[in-house]
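A short worksheet on the structure shown next.
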Amino acid sequence: MLAKLKSFSIEGVGGYPVDIEIDINNGIPSYETVGLAGTAVKEAKERVRAAIKNGGYSYPLKKITVNLAPADTKKESTVFDLATAIGVLAANEEFEELRTYKDYIILGELSFDGGVRRINGVMPLIIAALEKGFYKFIIPAGNAKEASFIEKAEVFAVNTLREAVEFLKNNLELQPIEKTSFESILNKNKFKIDFADVKGQSAAKRALEIAVSGGHNVLMIGPPGAGKTMLAKCIPTIMPNMTFEEAIEVTKIHSIAGCLDPEIGILTSRPFRTPHHTTTIPALCGGGAKSRPGEVSLAHRGVLFLDEMPEYPRRLLETLRQPLEDGSITVTRASQSLEYPSYFMLVSSMNPCPCGHFGSGDGKCSCTPQAIKKYVSRLSGPLLDRIDIHIEVDGISYEQLRTIEKQEGSAQVKERVEKTRQIQLERFKDFKGVFTNAEMPASLIEKYCKIDRNSEQLLKRAFEKLGLSARGSTRILKVARTIADMEGSENISEENIFEAIQYRSLDRKYWL
Amino acid sequence: MIKHSADEKVLLWLNGIEGISLSRKREILTFDDNPYKFFKNLKSHKEKIIAVCKEEGYNKLEENYSSDALDECEKQCSDGIDYITECSDNYPTLLRDIEKPPLALYYLGNIKALENIAIAIVGTRSMTNYGQRVAEFFAGSFAKVKIAVVSGLAYGIDKTAHEKTLEVGGCAIAVLGGGLKRMYPKENTDLARRIIKTGGLILTEYPPERNPKPYYFPERNRIISGLSNAVLIAEAGIKSGALITAQHAIIQDKKLFLVPGSIFSKNCDGVNAMIKDDMGITVTEPKDVFEAMGFNFVSEEEKENIEFDELEEFIIKSLESGEKHIEELLKETKLPINTLNSMLTKLEVCGIIKKLRGNYYGL
C-alpha cells in the first residue's frame, strides 16, 4: 500500500516542500530509498527499522520503497526520519487510523531506541512551510523553544516515535507548544563585558560609538595589548536591540548552522563572530558540501570581527567585498546557487607593523620600512574603501589603568545609539535597503550630506594640508553626517567635518 | 643632453666599469696626459695596467673596449638623464676636495641646484615621531632661506627632509645608491619626480641601469656629505647608516651638526654617543646652525594669522611643553572628546599642531 507524507528541506535560508512516498509490496524484505538521497538519508533505513522495532511496533518484513520528491534535488538531511517511519507504519495497512498524518508537516531525526532527536533548521523550515500554507507541525521536543516564537504555527513537540504515532492515532492528547513572547526574554540578555570596563581610550570609544550609530565599518590599528579586541567585544553591547523580525532572520541562519542554544531558541543579542585567520573561503562565505551559511552570514545583523586583519589571506579578504557591498552573499556551486543574507558591521584590527610596535614612540620597532609597507599593503584599496573609520588605539599605562574613574557604561551609550539610528531610519524610510548612513549610495550622499561653501573650502584645505587621499572624501562626509545625527542637527557643521577627519588614520602620510 | 667632450666620455666610460676600484681607476688614468689619450692608447699601457689592476682588471677594460664604446656609454643616458665628470666645468668644487671624488655623476633635474649652499640632513630609516619633527623643523627652515637640502631619498628621515623641503618650496638634492632608472626604494619614485619638477636634483655615481647593492649606500654617503657645506644628523641609532655619513663629514672636514635625542631611545643613541665624544656641534634649533656657519639669517616661524579662542590657545600652550597623548589633552582641557577632536583637526589644518603616530599631538 502507499503512504504519502509532506516534509520540508533546507535550501539557503529557506525551505522547499519534499513529498515522502512510501510503497510497501510483497517480496523479498528490503528497504530502498530513491530520489537523490544523500548518505544521511540512505542511512535512515537502519534508524527507521530500529526505531520502529524498539518503539514497540512491528517492522514490516516486506519490500519497502521510499521516494523523496522532487526526485532531482539532492537531499542531505535527517529531518525525514520521523516522517519516513510514520509512513512505513501507515503504509503497512495495520494503521489505517494513522492517516491523520496528512494534516501535519512532520520533522525529526530518529534514534535507535525510538526517541526523536533535535534537528537543525526547524525555524526556517516552519517559516517556509507557513508561507506554503501549512499550519500544523510535529517536531522534536528538543526544538520546541525555537518553534515557540513563530506565531501562526500550531506545533506539537514529541519526544519519541511512539508519542507521535499515538498522537496521530488520537490515542494520546498533546497540547500545541505555548508561544513565548520575544520581549519576555529580551531583558535576559546579559553581556560579559561592558563599555565601562574599558579604561581610558576615550578617542577609540567615541569612534566606535560613531561607527555603531551610523553602521560604519571600523579598522583599529594599534600595538599588541592595546585593547583592540576588548573594544571590539564591547561593540555588541552598544548596538541597538534587535527587533523581532531581525531576531527571526538571524535565528533562521543560526538554526541552519546548528549553533543555536536550544534552551533559548532564539538569538536575543546581536551575533559577534570572530573567524580565525586560518578560516577557509567556504567557511567564511558559506557553501561547502552540505551548503551551510558561512561566518559572514552568521554575523548577519551583528559584528564580524577580524582580528589582525593582514594575517588573513588576501583571497579570503577579497571575498568580503560582495557581502560588504550588497548585504548578502551568493554562493554558486556546480549544482546550485544559494543566497545567504550577510548584512554585518565589519570590525577589524591590525598591528601597525609585523612586530607591532611601529609608532609607539619608544623605538622598540625593529621592522624595516619595506616590511611595514608590505604589511599595511596586504589590505587592498577596494577593501579599505569599504571601511569608513580607521582609528589608532594605543596602550595605556599602568597608572591610567589604576586611577581612571569609572567610565560611562554600555547602557547609556546604547541609548544614544538607538536615538541616532532612529533618525536615520526616519530619513531613509523611502529608500529600500538603506537603513544607516554607511549604506548611502552616491545619490543620497549628495542629497543628505550637503555642506555649505565655507565648509567645502575647509574640507578642501584639510585635504591639501593633511595629505588625505581623495577617495576618503565621501567617507568623511558620511561619518560627518552620522556625527551631526548624533547631535540631532539637520546640517553638517564645520566641527562635524573636522571631527570626522580624525577617523581617517590610514589616509595620513605617516603610514609611509 | 648637452654636448660632452671626449675626455668626459672616457671618464663616464671608465666610471661605469665594474670590478676596478675607484683609486685604481685614478691611478691608471695618470698613465697618459688626458683621459682620451689614455683610452686611445689603452693597449699600449697593458703592462702597467696589469701591474695596478691585475690581469682581471685589464680584461674588464678590454671587454668594454671597442670603437663605439664611448657613444654606447653615453646612450645609456636617455630619458632626460645627463652627466657631469671630473673634467666638466660644472663639477661641484666641494666634491673635488673630498678624498675620493667620483669620476662621473649621472643626474636628473637641475644641475644648477649644486650652486646653492647645501646642508645634508640624514638619519635613520625607522624614525620616530621625534625624528620626524627634527627633520621637518630643520629642513623647513633651511629651505626657507634657500639652502639646498641634501639627502638620500631613503625612507624615514631622508624622505621627511625631502618632503618638507618641497613643501616650503625649497631646493632638494637627492643622492642615490643605484642607477637613476632603478630608483630605490620604488615607493619614493613619485617623490623623486616631484623633486625634479620643482627644480631639484637627483644624482648618482652609478650608471642608470645599475641595480642598487648594499655596499653602494655607504659609498654614496661620501657624496652626500661631499656635496654639502655641512651635515646634520637628525636621529640615528648606533647602527644607522647616517653615522657613516657623519664619519665622512668629519674626514672631509665639513661641519657636523648633531641634534640630541632622548637618552632612553635606541633610535637616538648613535647621535647622543657622538655628542658625548664631541664629534660635532650640538644644535637644537636652526639658528645654532646658521650661527656656526656664519650666516646672517633670522629664522622666523611664520604662523598663519588666525584668531584662536581661549581653549585653542590653551591647547597650543599645553603642547609647547612637548608632544601629548590625546588622553592627556582630554584630562587637561576637560573637553568632551568630540569637541577636542574637531578642535585638534582645526588646529592641524591651520598648520599649528601636528597629529603624530599613535594618537600623539605636537606643535
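Ligands are numbered from 1 in the order shown, chains are lettered A, B, ... in the order of the C-alpha cells, and residues start at 1 in each chain.
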Surrounding residues of region 317-329 of chain B excluding itself and chain neighbours under 2 positions, 10 Å, only C-alpha atoms, as a ChimeraX atom specification:
/A:200-203,394,396,400 /B:129-130,311-315,331-335,337,340-341,344,353-356,358-363
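For region 217-225 of chain A, the list of residues within 7 Å, based on only C-alpha atoms and with local chain neighbours fewer than 3 positions off taken out, reads Ala211, Lys228, Met345, Leu346, Val347, Ser348, Ser349, Met350, Asn351, Pro352, Gly356, His357, Ile387, Asp388, Ile389, His390, Ile391, Glu392, Val393, Asp394 and Gly395 of chain A.
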Produce a file of the selected residues containing N, CA and C atoms, as a PDB file, in the first residue's frame.
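Now in result.pdb:
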```pdb
ATOM      1  N   ALA A 211      30.732  54.781  14.880  1.00  0.00           N
ATOM      2  CA  ALA A 211      30.657  53.674  13.936  1.00  0.00           C
ATOM      3  C   ALA A 211      29.354  52.905  14.098  1.00  0.00           C
ATOM      4  N   LYS A 228      42.479  46.342  21.566  1.00  0.00           N
ATOM      5  CA  LYS A 228      41.652  46.348  20.359  1.00  0.00           C
ATOM      6  C   LYS A 228      40.546  45.302  20.445  1.00  0.00           C
ATOM      7  N   MET A 345      28.369  44.442  10.391  1.00  0.00           N
ATOM      8  CA  MET A 345      29.312  45.531  10.572  1.00  0.00           C
ATOM      9  C   MET A 345      30.695  44.913  10.690  1.00  0.00           C
ATOM     10  N   LEU A 346      31.588  45.330   9.818  1.00  0.00           N
ATOM     11  CA  LEU A 346      32.937  44.778   9.835  1.00  0.00           C
ATOM     12  C   LEU A 346      33.795  45.549  10.826  1.00  0.00           C
ATOM     13  N   VAL A 347      34.294  44.819  11.799  1.00  0.00           N
ATOM     14  CA  VAL A 347      35.217  45.430  12.742  1.00  0.00           C
ATOM     15  C   VAL A 347      36.516  44.669  12.610  1.00  0.00           C
ATOM     16  N   SER A 348      37.586  45.367  12.361  1.00  0.00           N
ATOM     17  CA  SER A 348      38.850  44.671  12.161  1.00  0.00           C
ATOM     18  C   SER A 348      39.929  45.371  12.955  1.00  0.00           C
ATOM     19  N   SER A 349      40.993  44.638  13.185  1.00  0.00           N
ATOM     20  CA  SER A 349      42.095  45.249  13.899  1.00  0.00           C
ATOM     21  C   SER A 349      43.382  44.830  13.234  1.00  0.00           C
ATOM     22  N   MET A 350      44.398  45.626  13.421  1.00  0.00           N
ATOM     23  CA  MET A 350      45.702  45.238  12.903  1.00  0.00           C
ATOM     24  C   MET A 350      46.804  45.910  13.718  1.00  0.00           C
ATOM     25  N   ASN A 351      47.986  45.293  13.675  1.00  0.00           N
ATOM     26  CA  ASN A 351      49.143  45.954  14.250  1.00  0.00           C
ATOM     27  C   ASN A 351      49.672  46.928  13.210  1.00  0.00           C
ATOM     28  N   PRO A 352      50.362  47.959  13.636  1.00  0.00           N
ATOM     29  CA  PRO A 352      50.868  48.901  12.634  1.00  0.00           C
ATOM     30  C   PRO A 352      52.028  48.333  11.826  1.00  0.00           C
ATOM     31  N   GLY A 356      54.636  45.017  15.592  1.00  0.00           N
ATOM     32  CA  GLY A 356      53.544  45.607  16.355  1.00  0.00           C
ATOM     33  C   GLY A 356      53.865  46.904  17.066  1.00  0.00           C
ATOM     34  N   HIS A 357      55.123  47.336  17.039  1.00  0.00           N
ATOM     35  CA  HIS A 357      55.462  48.486  17.877  1.00  0.00           C
ATOM     36  C   HIS A 357      55.736  49.759  17.097  1.00  0.00           C
ATOM     37  N   ILE A 387      35.786  50.592   4.391  1.00  0.00           N
ATOM     38  CA  ILE A 387      35.919  50.828   5.832  1.00  0.00           C
ATOM     39  C   ILE A 387      35.960  52.337   6.055  1.00  0.00           C
ATOM     40  N   ASP A 388      34.904  52.852   6.668  1.00  0.00           N
ATOM     41  CA  ASP A 388      34.781  54.308   6.795  1.00  0.00           C
ATOM     42  C   ASP A 388      35.672  54.890   7.878  1.00  0.00           C
ATOM     43  N   ILE A 389      35.862  54.123   8.922  1.00  0.00           N
ATOM     44  CA  ILE A 389      36.547  54.685  10.089  1.00  0.00           C
ATOM     45  C   ILE A 389      37.802  53.882  10.390  1.00  0.00           C
ATOM     46  N   HIS A 390      38.956  54.534  10.385  1.00  0.00           N
ATOM     47  CA  HIS A 390      40.125  53.854  10.961  1.00  0.00           C
ATOM     48  C   HIS A 390      40.690  54.698  12.080  1.00  0.00           C
ATOM     49  N   ILE A 391      40.980  54.024  13.165  1.00  0.00           N
ATOM     50  CA  ILE A 391      41.462  54.740  14.331  1.00  0.00           C
ATOM     51  C   ILE A 391      42.691  54.062  14.891  1.00  0.00           C
ATOM     52  N   GLU A 392      43.482  54.867  15.562  1.00  0.00           N
ATOM     53  CA  GLU A 392      44.643  54.310  16.229  1.00  0.00           C
ATOM     54  C   GLU A 392      44.291  54.063  17.689  1.00  0.00           C
ATOM     55  N   VAL A 393      44.612  52.870  18.126  1.00  0.00           N
ATOM     56  CA  VAL A 393      44.367  52.525  19.528  1.00  0.00           C
ATOM     57  C   VAL A 393      45.728  52.252  20.120  1.00  0.00           C
ATOM     58  N   ASP A 394      46.040  52.883  21.236  1.00  0.00           N
ATOM     59  CA  ASP A 394      47.334  52.551  21.802  1.00  0.00           C
ATOM     60  C   ASP A 394      47.201  52.238  23.273  1.00  0.00           C
ATOM     61  N   GLY A 395      48.166  51.538  23.754  1.00  0.00           N
ATOM     62  CA  GLY A 395      48.114  51.021  25.114  1.00  0.00           C
ATOM     63  C   GLY A 395      48.069  52.141  26.130  1.00  0.00           C
TER      64      GLY A 395
END
```
Counting only C-alpha atoms, a student should be able to say which residues of chain B come within 7 Å of chain A; what is the right answer, written as number ranges by chain?
B: 126, 128-129, 155, 265-267, 337-338, 341-342, 345-346, 349, 357-359
Output file for the residues above (C-alpha atoms, as a compact mmCIF listing (two decimals), in the first residue's frame):
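As written to disk, result.txt reads:
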```
# COMPACT_ATOMS: atom_id res chain seq x y z
CA SER B 126 62.95 53.81 11.09
CA THR B 128 60.10 58.07 15.45
CA ASN B 129 57.73 60.98 15.79
CA TYR B 155 62.64 56.08 3.96
CA SER B 265 65.66 55.91 22.97
CA LYS B 266 67.53 53.31 20.93
CA ASN B 267 66.87 55.48 17.92
CA ILE B 337 36.08 64.05 23.13
CA ASN B 338 34.11 65.20 20.10
CA ASN B 341 38.79 66.03 18.19
CA SER B 342 37.37 68.66 15.91
CA THR B 345 41.81 68.92 13.34
CA LYS B 346 41.15 72.62 13.03
CA VAL B 349 44.58 72.34 9.22
CA ARG B 357 51.55 58.43 15.10
CA GLY B 358 49.81 56.71 17.95
CA ASN B 359 47.34 59.46 18.89
```
Could you pull out the strand (DSSP E) residues of region 41-102 of chain B, going by DSSP on the backbone, and write them as a PyMOL selection string?
chain B and resi 82-85
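With CA of Leu506 (chain A) on one side and CA of His276 (chain A) on the other, the separation reads 23.7 Å.
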When you look at region 270-274 of chain A with a cut-off of 7 Å (counting only C-alpha atoms), what residues show up, excluding the ones that are within fewer than 6 positions of it in the same chain? I need them as a list in words.
Pro236, Met242, Glu295, Ala299, Arg301, Gly302, Val303, Leu304, Phe305 and Leu306 of chain A
Just list the residues in region 68-202 of chain A DSSP gives alpha helix (DSSP H) on the backbone, as JSON, numbers by chain.
{"A": [81, 82, 83, 84, 85, 86, 87, 88, 89, 90, 91, 122, 123, 124, 125, 126, 127, 128, 129, 130, 131, 144, 145, 146, 147, 161, 162, 163, 164, 165, 166, 167, 168, 182, 183, 184, 185, 186, 202]}
Exercise: Val198 (chain A) partners within 8 Å, only C-alpha atoms, chain neighbours under 5 positions left out, as a CSV table (one decimal) with C-alpha atoms, in the first residue's frame:
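Okay, this is what ended up in out_1.csv:
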```csv
chain,number,residue,atom,x,y,z
A,230,MET,CA,38.3,44.2,24.1
A,231,LEU,CA,37.0,47.3,22.4
A,407,GLN,CA,33.6,55.3,32.7
```
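Take CA of Ser23 (chain B) and CA of Gly152 (chain B): the distance between them is 23.8 Å.
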